[in-house]
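To be precise, the following lines are work-v5.txt, and they hold compact mmCIF, C-alpha atoms.
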```txt
# COMPACT_ATOMS: atom_id res chain seq x y z
CA MET A 1 15.65 20.76 7.11
CA ARG A 2 12.92 19.74 4.72
CA THR A 3 10.59 22.42 6.04
CA LEU A 4 13.29 25.05 5.54
CA ALA A 5 13.94 23.88 2.02
CA ARG A 6 10.23 23.98 1.37
CA LEU A 7 10.00 27.54 2.67
CA PHE A 8 12.66 28.77 0.27
CA ASN A 9 11.61 26.58 -2.60
CA VAL A 10 7.89 27.27 -2.66
CA LYS A 11 7.69 26.15 -6.25
CA GLY A 12 9.04 22.65 -5.45
CA SER A 13 7.22 20.16 -7.65
CA ALA A 14 6.45 17.99 -4.60
CA ASN A 15 3.92 20.59 -3.41
CA THR A 16 2.27 20.56 -6.81
CA ALA A 17 2.18 16.76 -6.75
CA LYS A 18 0.60 16.78 -3.30
CA GLU A 19 -2.09 19.29 -4.24
CA ARG A 20 -2.92 17.45 -7.47
CA LEU A 21 -3.09 14.15 -5.61
CA ARG A 22 -5.32 15.64 -2.91
CA LEU A 23 -7.88 16.63 -5.54
CA VAL A 24 -7.64 13.47 -7.61
CA LEU A 25 -8.05 11.26 -4.52
CA ILE A 26 -11.20 13.11 -3.46
CA HIS A 27 -12.59 12.41 -6.89
CA ASP A 28 -11.40 8.77 -6.96
CA ARG A 29 -12.82 8.01 -3.51
CA SER A 30 -16.17 9.54 -4.29
CA THR A 31 -18.87 6.98 -4.88
CA LEU A 32 -21.05 9.58 -6.62
CA PRO A 33 -21.23 9.21 -10.41
CA PRO A 34 -20.47 12.28 -12.52
CA GLY A 35 -23.35 14.75 -12.56
CA ALA A 36 -24.79 13.34 -9.33
CA MET A 37 -23.59 16.30 -7.28
CA GLU A 38 -25.55 18.72 -9.48
CA GLU A 39 -28.63 16.53 -9.28
CA LEU A 40 -28.29 16.20 -5.51
CA ARG A 41 -27.84 19.96 -5.20
CA ASP A 42 -31.00 20.69 -7.23
CA GLU A 43 -33.07 18.18 -5.28
CA LEU A 44 -31.82 19.48 -1.93
CA ILE A 45 -32.75 23.04 -2.93
CA GLU A 46 -36.18 21.89 -4.05
CA VAL A 47 -36.94 20.09 -0.77
CA ILE A 48 -35.59 22.83 1.46
CA SER A 49 -37.33 25.63 -0.44
CA ARG A 50 -40.68 24.04 0.41
CA HIS A 51 -40.05 25.17 3.98
CA VAL A 52 -37.74 28.18 3.79
CA ASP A 53 -36.57 30.58 1.12
CA VAL A 54 -33.17 29.48 -0.16
CA ASP A 55 -30.63 31.71 -1.89
CA ARG A 56 -30.32 29.29 -4.80
CA GLY A 57 -27.25 30.78 -6.42
CA ALA A 58 -25.19 30.60 -3.24
CA VAL A 59 -25.80 26.94 -2.32
CA ARG A 60 -22.56 25.00 -1.96
CA LEU A 61 -22.17 21.24 -1.84
CA GLU A 62 -18.80 19.60 -1.35
CA ILE A 63 -17.16 16.39 -0.27
CA THR A 64 -14.43 16.76 2.35
CA GLN A 65 -11.91 14.25 3.66
CA ASP A 66 -11.62 13.21 7.27
CA GLY A 67 -8.80 10.68 7.37
CA ARG A 68 -10.04 7.99 4.98
CA SER A 69 -13.72 8.81 5.45
CA GLN A 70 -15.63 11.33 3.44
CA ARG A 71 -18.21 13.88 4.48
CA LEU A 72 -20.79 15.63 2.39
CA LEU A 73 -20.99 19.28 3.42
CA ALA A 74 -23.86 21.49 2.32
CA ASP A 75 -23.83 25.23 2.87
CA ILE A 76 -27.32 26.52 2.17
CA PRO A 77 -27.74 30.27 2.76
CA LEU A 78 -31.32 31.39 3.36
CA LYS A 79 -32.85 34.48 1.80
CA ARG A 80 -33.13 37.43 4.13
CA VAL A 81 -36.65 37.55 5.52
CA ASP A 82 -38.31 40.98 5.58
CA ARG A 83 -39.64 41.18 9.10
CA ARG A 84 -41.55 44.49 8.68
CA LEU A 85 -45.30 44.14 8.70
CA PRO A 86 -47.05 44.62 5.35
CA GLU A 87 -48.28 48.21 4.66
CA GLU A 88 -51.99 47.56 5.04
CA TYR A 89 -51.67 46.57 8.72
CA MET B 1 -0.69 -20.97 13.23
CA GLY B 2 0.99 -19.18 10.34
CA ARG B 3 0.00 -15.70 9.22
CA VAL B 4 -0.63 -14.94 5.57
CA ILE B 5 0.83 -11.59 4.47
CA THR B 6 0.09 -10.33 0.97
CA ILE B 7 2.32 -7.73 -0.65
CA THR B 8 0.47 -5.68 -3.26
CA SER B 9 0.50 -2.22 -4.86
CA GLY B 10 -1.93 -1.59 -7.68
CA LYS B 11 0.68 -0.01 -9.92
CA GLY B 12 3.39 -2.21 -11.39
CA GLY B 13 7.10 -1.59 -11.00
CA VAL B 14 7.03 -0.04 -7.52
CA GLY B 15 9.07 -2.83 -5.94
CA LYS B 16 6.45 -5.34 -4.86
CA THR B 17 8.47 -8.43 -5.71
CA THR B 18 11.64 -6.93 -4.23
CA ALA B 19 9.73 -6.13 -1.04
CA ALA B 20 8.17 -9.61 -0.88
CA ALA B 21 11.56 -11.32 -1.39
CA ASN B 22 13.33 -9.15 1.16
CA ILE B 23 10.65 -9.23 3.85
CA ALA B 24 10.46 -13.03 3.48
CA ALA B 25 14.26 -13.42 3.56
CA ALA B 26 14.54 -11.14 6.61
CA LEU B 27 11.81 -13.06 8.43
CA ALA B 28 13.59 -16.36 7.66
CA ALA B 29 16.98 -14.94 8.70
CA MET B 30 15.42 -14.11 12.08
CA GLY B 31 14.54 -17.76 12.59
CA ASN B 32 10.99 -17.89 11.27
CA LYS B 33 9.70 -20.65 9.02
CA VAL B 34 8.65 -18.79 5.89
CA VAL B 35 7.12 -19.75 2.55
CA CYS B 36 6.69 -17.29 -0.33
CA ILE B 37 4.04 -17.77 -2.97
CA ASP B 38 4.39 -16.04 -6.33
CA ALA B 39 0.79 -15.26 -7.29
CA ASP B 40 1.74 -13.53 -10.53
CA ILE B 41 0.75 -16.37 -12.86
CA GLY B 42 2.21 -15.88 -16.35
CA LEU B 43 4.73 -13.27 -15.22
CA ARG B 44 6.75 -15.13 -12.62
CA ASN B 45 9.58 -13.15 -11.07
CA LEU B 46 9.94 -13.90 -7.38
CA ASP B 47 12.12 -16.90 -8.35
CA VAL B 48 14.78 -14.76 -10.08
CA VAL B 49 14.74 -12.07 -7.39
CA LEU B 50 15.36 -14.78 -4.78
CA GLY B 51 17.92 -16.50 -7.03
CA LEU B 52 16.01 -19.82 -7.12
CA GLU B 53 15.04 -19.92 -10.81
CA ASN B 54 17.23 -22.90 -11.70
CA ARG B 55 15.57 -25.27 -9.29
CA ILE B 56 11.94 -25.01 -10.37
CA VAL B 57 10.26 -28.29 -11.28
CA TYR B 58 6.61 -27.79 -10.37
CA ASP B 59 4.63 -24.59 -9.87
CA LEU B 60 1.48 -23.28 -8.18
CA VAL B 61 -0.80 -24.26 -11.07
CA ASP B 62 0.60 -27.83 -10.98
CA VAL B 63 -0.34 -27.95 -7.29
CA VAL B 64 -3.85 -26.56 -7.85
CA GLU B 65 -4.49 -28.90 -10.78
CA GLY B 66 -3.25 -31.91 -8.83
CA ARG B 67 -0.15 -32.75 -10.89
CA CYS B 68 2.04 -32.67 -7.78
CA LYS B 69 1.92 -32.40 -4.00
CA LEU B 70 2.36 -28.93 -2.51
CA ARG B 71 5.64 -30.07 -0.91
CA GLN B 72 7.02 -31.03 -4.33
CA ALA B 73 6.50 -27.51 -5.67
CA MET B 74 8.25 -25.88 -2.70
CA ILE B 75 11.86 -24.90 -3.39
CA ARG B 76 14.04 -24.46 -0.33
CA ASP B 77 16.43 -21.53 -0.23
CA LYS B 78 19.71 -23.16 0.86
CA ARG B 79 21.19 -19.89 2.17
CA LEU B 80 18.52 -19.60 4.82
CA GLY B 81 17.30 -22.23 7.25
CA GLU B 82 13.59 -22.22 6.52
CA LEU B 83 12.71 -20.17 3.47
CA TYR B 84 10.70 -21.81 0.70
CA LEU B 85 9.24 -20.60 -2.58
CA VAL B 86 6.16 -21.82 -4.41
CA PRO B 87 6.76 -20.44 -7.93
CA ALA B 88 4.10 -19.11 -10.27
CA ALA B 89 3.40 -20.88 -13.57
CA GLN B 90 4.96 -19.10 -16.51
CA THR B 91 2.96 -20.60 -19.37
CA ARG B 92 -0.54 -20.14 -17.97
CA ASP B 93 -2.70 -17.15 -17.14
CA LYS B 94 -4.37 -15.87 -13.99
CA SER B 95 -7.64 -17.69 -14.65
CA ALA B 96 -5.86 -21.01 -13.95
CA ILE B 97 -6.23 -20.22 -10.23
CA SER B 98 -9.18 -19.04 -8.14
CA PRO B 99 -9.31 -17.21 -4.79
CA LYS B 100 -10.64 -20.48 -3.32
CA ASP B 101 -7.55 -22.37 -4.57
CA MET B 102 -5.29 -19.80 -2.91
CA LYS B 103 -7.15 -20.13 0.38
CA ARG B 104 -6.85 -23.91 0.24
CA VAL B 105 -3.11 -23.83 -0.50
CA CYS B 106 -2.50 -21.32 2.32
CA ASP B 107 -4.59 -23.31 4.80
CA GLU B 108 -2.43 -26.34 4.03
CA LEU B 109 0.70 -24.29 4.78
CA ARG B 110 -0.47 -22.49 7.92
CA SER B 111 0.21 -25.33 10.34
CA ASP B 112 3.84 -25.78 9.18
CA PHE B 113 4.94 -22.16 8.78
CA ASP B 114 5.15 -18.95 10.79
CA PHE B 115 4.65 -16.73 7.76
CA ILE B 116 3.23 -17.19 4.27
CA VAL B 117 4.26 -14.23 2.11
CA ILE B 118 2.28 -13.76 -1.10
CA ASP B 119 3.65 -11.63 -3.95
CA SER B 120 0.63 -10.17 -5.74
CA PRO B 121 0.54 -9.19 -9.40
CA ALA B 122 -0.08 -5.54 -10.31
CA GLY B 123 -3.61 -4.43 -11.11
CA ILE B 124 -6.95 -5.08 -9.43
CA GLU B 125 -8.15 -8.07 -11.46
CA ARG B 126 -8.22 -11.82 -10.89
CA GLY B 127 -4.56 -12.21 -9.93
CA PHE B 128 -4.86 -9.49 -7.29
CA LYS B 129 -8.08 -11.04 -5.95
CA ASN B 130 -6.31 -14.42 -5.75
CA ALA B 131 -3.47 -12.84 -3.80
CA ILE B 132 -5.61 -11.06 -1.21
CA ALA B 133 -8.21 -13.83 -0.71
CA PRO B 134 -6.19 -15.81 1.90
CA ALA B 135 -4.49 -12.75 3.46
CA ASP B 136 -4.55 -12.05 7.19
CA GLU B 137 -2.62 -8.85 6.63
CA ILE B 138 -1.96 -6.73 3.58
CA ILE B 139 1.12 -4.64 2.93
CA ILE B 140 0.87 -2.05 0.16
CA VAL B 141 4.06 -0.91 -1.52
CA THR B 142 4.12 2.55 -3.07
CA ASN B 143 6.64 5.07 -4.40
CA PRO B 144 6.61 8.79 -3.60
CA GLU B 145 5.16 9.52 -7.01
CA VAL B 146 1.67 10.59 -8.14
CA SER B 147 0.59 7.50 -10.10
CA ALA B 148 1.86 5.04 -7.46
CA VAL B 149 0.18 6.95 -4.61
CA ARG B 150 -3.07 7.18 -6.53
CA ASP B 151 -3.11 3.44 -7.21
CA ALA B 152 -2.18 2.69 -3.60
CA ASP B 153 -5.23 4.70 -2.51
CA ARG B 154 -7.46 2.65 -4.75
CA ILE B 155 -6.03 -0.59 -3.35
CA ILE B 156 -6.47 0.63 0.24
CA GLY B 157 -10.14 1.27 -0.59
CA ILE B 158 -10.63 -2.20 -2.11
CA VAL B 159 -8.86 -3.87 0.82
CA GLU B 160 -11.19 -2.02 3.22
CA ALA B 161 -14.25 -2.98 1.19
CA GLU B 162 -13.14 -6.64 1.23
CA GLN B 163 -12.77 -6.32 5.03
CA LYS B 164 -9.11 -7.24 4.86
CA GLY B 165 -7.99 -3.91 6.25
CA PRO B 166 -6.51 -1.84 7.55
CA ALA B 167 -3.65 -2.29 5.11
CA LYS B 168 -0.14 -1.17 6.05
CA LEU B 169 2.10 0.92 3.84
CA VAL B 170 5.70 0.64 2.68
CA VAL B 171 7.04 3.77 0.99
CA ASN B 172 9.74 2.48 -1.33
CA ARG B 173 12.46 4.40 -3.23
CA ILE B 174 12.61 7.55 -1.15
CA ASN B 175 15.38 9.83 -2.39
CA GLN B 176 16.11 12.13 0.54
CA ASN B 177 18.03 14.65 -1.62
CA LEU B 178 15.00 15.13 -3.84
CA VAL B 179 12.75 15.39 -0.79
CA ASN B 180 15.03 18.04 0.76
CA ARG B 181 15.00 19.95 -2.52
CA GLY B 182 11.20 19.93 -2.51
CA ASP B 183 10.95 17.79 -5.63
CA MET B 184 9.79 14.51 -4.14
CA LEU B 185 6.80 13.80 -1.93
CA ALA B 186 8.01 13.20 1.62
CA VAL B 187 6.83 10.15 3.55
CA ALA B 188 4.73 12.49 5.71
CA ASP B 189 2.98 13.82 2.58
CA VAL B 190 2.18 10.30 1.37
CA LEU B 191 0.85 9.35 4.81
CA GLU B 192 -1.28 12.47 5.00
CA LEU B 193 -2.80 11.75 1.59
CA LEU B 194 -3.42 8.04 2.14
CA ALA B 195 -4.29 8.15 5.86
CA VAL B 196 -2.98 4.66 6.49
CA GLU B 197 -0.51 3.06 8.90
CA LEU B 198 3.16 3.09 7.87
CA ILE B 199 5.16 -0.14 8.27
CA GLY B 200 8.38 0.88 6.54
CA ILE B 201 10.43 3.39 4.57
CA VAL B 202 12.93 2.06 2.03
CA PRO B 203 15.51 4.35 0.43
CA ASP B 204 16.10 4.59 -3.30
CA ASP B 205 19.29 2.53 -3.56
CA GLN B 206 21.25 1.27 -6.58
CA ALA B 207 22.49 -1.60 -4.46
CA VAL B 208 19.02 -3.15 -4.85
CA LEU B 209 19.66 -3.53 -8.58
CA VAL B 210 23.00 -5.18 -7.86
CA SER B 211 21.47 -7.62 -5.38
CA THR B 212 18.68 -8.45 -7.83
CA ASN B 213 21.26 -9.05 -10.57
CA ARG B 214 22.92 -11.57 -8.28
CA GLY B 215 19.72 -13.12 -6.94
CA THR B 216 20.70 -12.38 -3.33
CA PRO B 217 18.13 -10.38 -1.33
CA ILE B 218 19.66 -7.18 0.05
CA ALA B 219 18.02 -7.90 3.40
CA LEU B 220 20.79 -10.49 3.90
CA ASP B 221 23.49 -7.82 3.59
CA ALA B 222 24.15 -6.87 7.21
CA LYS B 223 25.91 -3.62 6.23
CA SER B 224 23.27 -2.27 3.84
CA ARG B 225 20.96 0.49 5.12
CA THR B 226 18.35 -0.68 2.59
CA GLY B 227 18.75 -4.21 3.93
CA GLN B 228 18.24 -2.71 7.39
CA ALA B 229 15.04 -1.02 6.20
CA PHE B 230 13.67 -4.42 5.09
CA ARG B 231 14.84 -6.12 8.29
CA ASP B 232 13.03 -3.39 10.26
CA ILE B 233 9.84 -4.08 8.30
CA ALA B 234 10.21 -7.80 9.08
CA ARG B 235 10.58 -7.03 12.79
CA ARG B 236 7.45 -4.84 12.68
CA VAL B 237 5.61 -7.69 10.94
CA MET B 238 6.70 -9.89 13.86
CA GLY B 239 5.10 -7.36 16.21
CA GLU B 240 8.21 -5.59 17.48
CA GLN B 241 8.21 -1.84 18.06
CA VAL B 242 10.93 -0.55 15.74
CA PRO B 243 11.25 3.24 15.45
CA LEU B 244 10.75 4.67 11.97
CA SER B 245 13.69 6.76 10.89
CA SER B 246 14.11 8.81 7.76
CA PRO B 247 16.20 7.07 5.07
CA ASN B 248 19.28 9.28 5.30
CA GLY B 249 19.43 8.84 9.06
CA SER B 250 19.12 12.54 9.86
CA GLY B 251 16.09 14.35 11.19
CA GLY B 252 13.18 14.22 8.83
CA GLY B 253 10.82 16.36 10.89
CA PHE B 254 7.68 14.34 11.06
CA ILE B 255 9.36 10.95 10.98
CA THR B 256 11.73 11.88 13.76
CA ARG B 257 8.87 13.13 15.90
CA LEU B 258 6.89 10.01 15.09
CA SER B 259 9.76 7.71 15.97
CA LYS B 260 10.39 9.61 19.21
CA LEU B 261 6.76 9.14 20.04
CA LEU B 262 6.97 5.41 19.31
CA ARG B 263 10.15 5.10 21.34
CA ALA B 264 8.56 6.91 24.27
CA GLY B 265 5.56 4.63 23.97
CA GLY B 266 7.79 1.55 23.90
CA ASP B 267 9.62 2.37 27.17
```
Represent the structure contained in this file as structure tokens.
Amino acid sequence: MRTLARLFNVKGSANTAKERLRLVLIHDRSTLPPGAMEELRDELIEVISRHVDVDRGAVRLEITQDGRSQRLLADIPLKRVDRRLPEEY
Amino acid sequence: MGRVITITSGKGGVGKTTAAANIAAALAAMGNKVVCIDADIGLRNLDVVLGLENRIVYDLVDVVEGRCKLRQAMIRDKRLGELYLVPAAQTRDKSAISPKDMKRVCDELRSDFDFIVIDSPAGIERGFKNAIAPADEIIIVTNPEVSAVRDADRIIGIVEAEQKGPAKLVVNRINQNLVNRGDMLAVADVLELLAVELIGIVPDDQAVLVSTNRGTPIALDAKSRTGQAFRDIARRVMGEQVPLSSPNGSGGGFITRLSKLLRAGGD
């Protein structure tokens, strides 16, 4: 019954409340102070780029929820490596 | 050995005191020896909700400061065999009591009672810390509303950090018409957001106001569905498997499936 009502009433304010709460709770539960994510992101890029070429602009860092525990997910795309041999060889 | 159960919420006005009074009354009506402690020093209310305000002589601060024996501050509810109240002080503030004092008072009561139900003040300061210090179990009351759910989440986190968890949740004031219309968070939504165990669903019911006006807990009204909701919570507190049903009695999707699952598990 509720699901049906939800289907027809997609703009029900309960859905808005749920989405807003989902975001606010992620923020509330986070133990990282403001700005720390950016700092962490920059430092991660710095360390990883010592070993491989990182596509800096595309790096994504986010905190996801798994029940009541949180997980830090990093998506770090690497730059395409040109595998052709240099001209002089 | 008695169990200490603290009822808390974070946000004020969600029905903490009503829940504490009704869970305690239901437990006592089922033959348990129960004592309630009002830990909201300075804003005492459990006495009026239980209808015992005229019989207060001593309070919790008098006990802690040695002006009376614990027994002298305990008011017996004459309607129920073994329900007592230790009232909060009205003229003092929360700093008059420490978490250690609360533990000591509860330890003194444990050997004589089956349940010690503590009504916590709102907030996360001293009064809240006093209320959860002696707790064996914590019940968090919330409403299907953004600010109440957010505060409940914060309390769940603190309870976990204090190693008093996992807390159990009561979703109070569910209005099934609003839920059906898509304008109120359903119990399933609240559970998904908070990821915590549910111990009860209480409907939004004007009869609660009437019972509070009279000082007679609705849990003692055998015909009331809200009273039934509180009696079900009391039975779950006692360890019984009581299926969770949606407040209007009809199928509420998730809740019905959940209760079927519990029923199947109970057989």
Worksheet item: Within 10 Å of chain A, which residues of chain B show up when using all atoms listed in the file, listed as a PyMOL selection string?
Response: chain B and resi 144-147+149-151+153-154+156-157+176-186+189-190+192-196+250-254
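Here atom CA of Arg41 of chain A stands at a distance of 7.8 Å from atom CA of Val59 of chain A.
Between atom CA of Val202 of chain B and atom CA of Gln228 of chain B there is a distance of 8.9 Å.
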Item to complete: Write out as a list in words the residues lying within 8 Å of Ala148 of chain B, counting all atoms listed in the file and excluding same-chain residues fewer than 3 positions away.
Response: Ser9, Gly10, Lys11, Val14, Thr142, Asn143, Pro144, Glu145, Asp151 and Ala152 of chain B
Discussion item. For Leu70 of chain B, find every residue with an atom within 8 Å (counting all atoms listed in the file), except residues of its own chain fewer than 4 positions away, and show them as a ChimeraX atom specification.
Written reply: /B:63,74,105
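If you look at atom CA of Lys223 of chain B and atom CA of Ala19 of chain B, they are 17.9 Å away from each other.
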Worksheet item: Can you list, as number ranges by chain, every protein, DNA or RNA residue that comes within 9 Å of Leu61 of chain A when you count only C-alpha atoms, leaving out same-chain residues fewer than 5 positions away?
Response: A: 37-38, 40-41, 72-76
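Excluding segment 237-239 of chain B itself and any same-chain residue fewer than 4 positions from it, the protein and nucleic acid residues within 9 Å of it, counting all atoms listed in the file, are B:Ile5, B:Ile23, B:Leu27, B:Ile199, B:Asp232, B:Ile233.
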For segment 70-92 of chain B, supply N, CA and C atoms and format the output as a short mmCIF file (atom, residue, chain, number, x, y, z; two decimals), keeping the file's coordinate frame.
```
data_model
loop_
_atom_site.label_atom_id
_atom_site.label_comp_id
_atom_site.auth_asym_id
_atom_site.auth_seq_id
_atom_site.Cartn_x
_atom_site.Cartn_y
_atom_site.Cartn_z
N LEU B 70 1.87 -30.27 -2.84
CA LEU B 70 2.36 -28.93 -2.51
C LEU B 70 3.85 -28.95 -2.14
N ARG B 71 4.24 -29.94 -1.34
CA ARG B 71 5.64 -30.07 -0.91
C ARG B 71 6.61 -30.18 -2.08
N GLN B 72 6.15 -30.84 -3.16
CA GLN B 72 7.02 -31.03 -4.33
C GLN B 72 7.28 -29.72 -5.07
N ALA B 73 6.34 -28.78 -4.96
CA ALA B 73 6.50 -27.51 -5.67
C ALA B 73 7.30 -26.50 -4.85
N MET B 74 7.56 -26.83 -3.57
CA MET B 74 8.25 -25.88 -2.70
C MET B 74 9.77 -26.01 -2.84
N ILE B 75 10.41 -24.90 -3.23
CA ILE B 75 11.86 -24.90 -3.39
C ILE B 75 12.46 -24.29 -2.13
N ARG B 76 13.43 -25.00 -1.54
CA ARG B 76 14.04 -24.46 -0.33
C ARG B 76 15.23 -23.59 -0.68
N ASP B 77 15.29 -22.42 -0.04
CA ASP B 77 16.43 -21.53 -0.23
C ASP B 77 17.56 -22.04 0.67
N LYS B 78 18.65 -22.51 0.07
CA LYS B 78 19.71 -23.16 0.86
C LYS B 78 20.52 -22.18 1.72
N ARG B 79 20.44 -20.87 1.39
CA ARG B 79 21.19 -19.89 2.17
C ARG B 79 20.56 -19.67 3.54
N LEU B 80 19.25 -19.90 3.60
CA LEU B 80 18.52 -19.60 4.82
C LEU B 80 17.87 -20.88 5.34
N GLY B 81 17.83 -21.02 6.64
CA GLY B 81 17.30 -22.23 7.25
C GLY B 81 15.95 -22.64 6.69
N GLU B 82 14.95 -21.81 6.85
CA GLU B 82 13.59 -22.22 6.52
C GLU B 82 12.88 -21.21 5.64
N LEU B 83 13.39 -21.03 4.44
CA LEU B 83 12.71 -20.17 3.47
C LEU B 83 12.40 -21.01 2.23
N TYR B 84 11.12 -21.04 1.87
CA TYR B 84 10.70 -21.81 0.70
C TYR B 84 9.97 -20.91 -0.29
N LEU B 85 9.97 -21.33 -1.55
CA LEU B 85 9.24 -20.60 -2.58
C LEU B 85 8.31 -21.55 -3.33
N VAL B 86 7.06 -21.13 -3.48
CA VAL B 86 6.16 -21.82 -4.41
C VAL B 86 6.08 -20.92 -5.64
N PRO B 87 6.71 -21.33 -6.76
CA PRO B 87 6.76 -20.44 -7.93
C PRO B 87 5.43 -20.36 -8.67
N ALA B 88 5.27 -19.26 -9.41
CA ALA B 88 4.10 -19.11 -10.27
C ALA B 88 4.34 -19.91 -11.55
N ALA B 89 3.25 -20.26 -12.26
CA ALA B 89 3.40 -20.88 -13.57
C ALA B 89 3.76 -19.79 -14.56
N GLN B 90 4.56 -20.12 -15.56
CA GLN B 90 4.96 -19.10 -16.51
C GLN B 90 4.15 -19.21 -17.81
N THR B 91 3.61 -20.38 -18.07
CA THR B 91 2.96 -20.60 -19.37
C THR B 91 1.44 -20.57 -19.28
N ARG B 92 0.91 -20.18 -18.13
CA ARG B 92 -0.54 -20.14 -17.97
C ARG B 92 -0.97 -18.72 -17.68
#
```
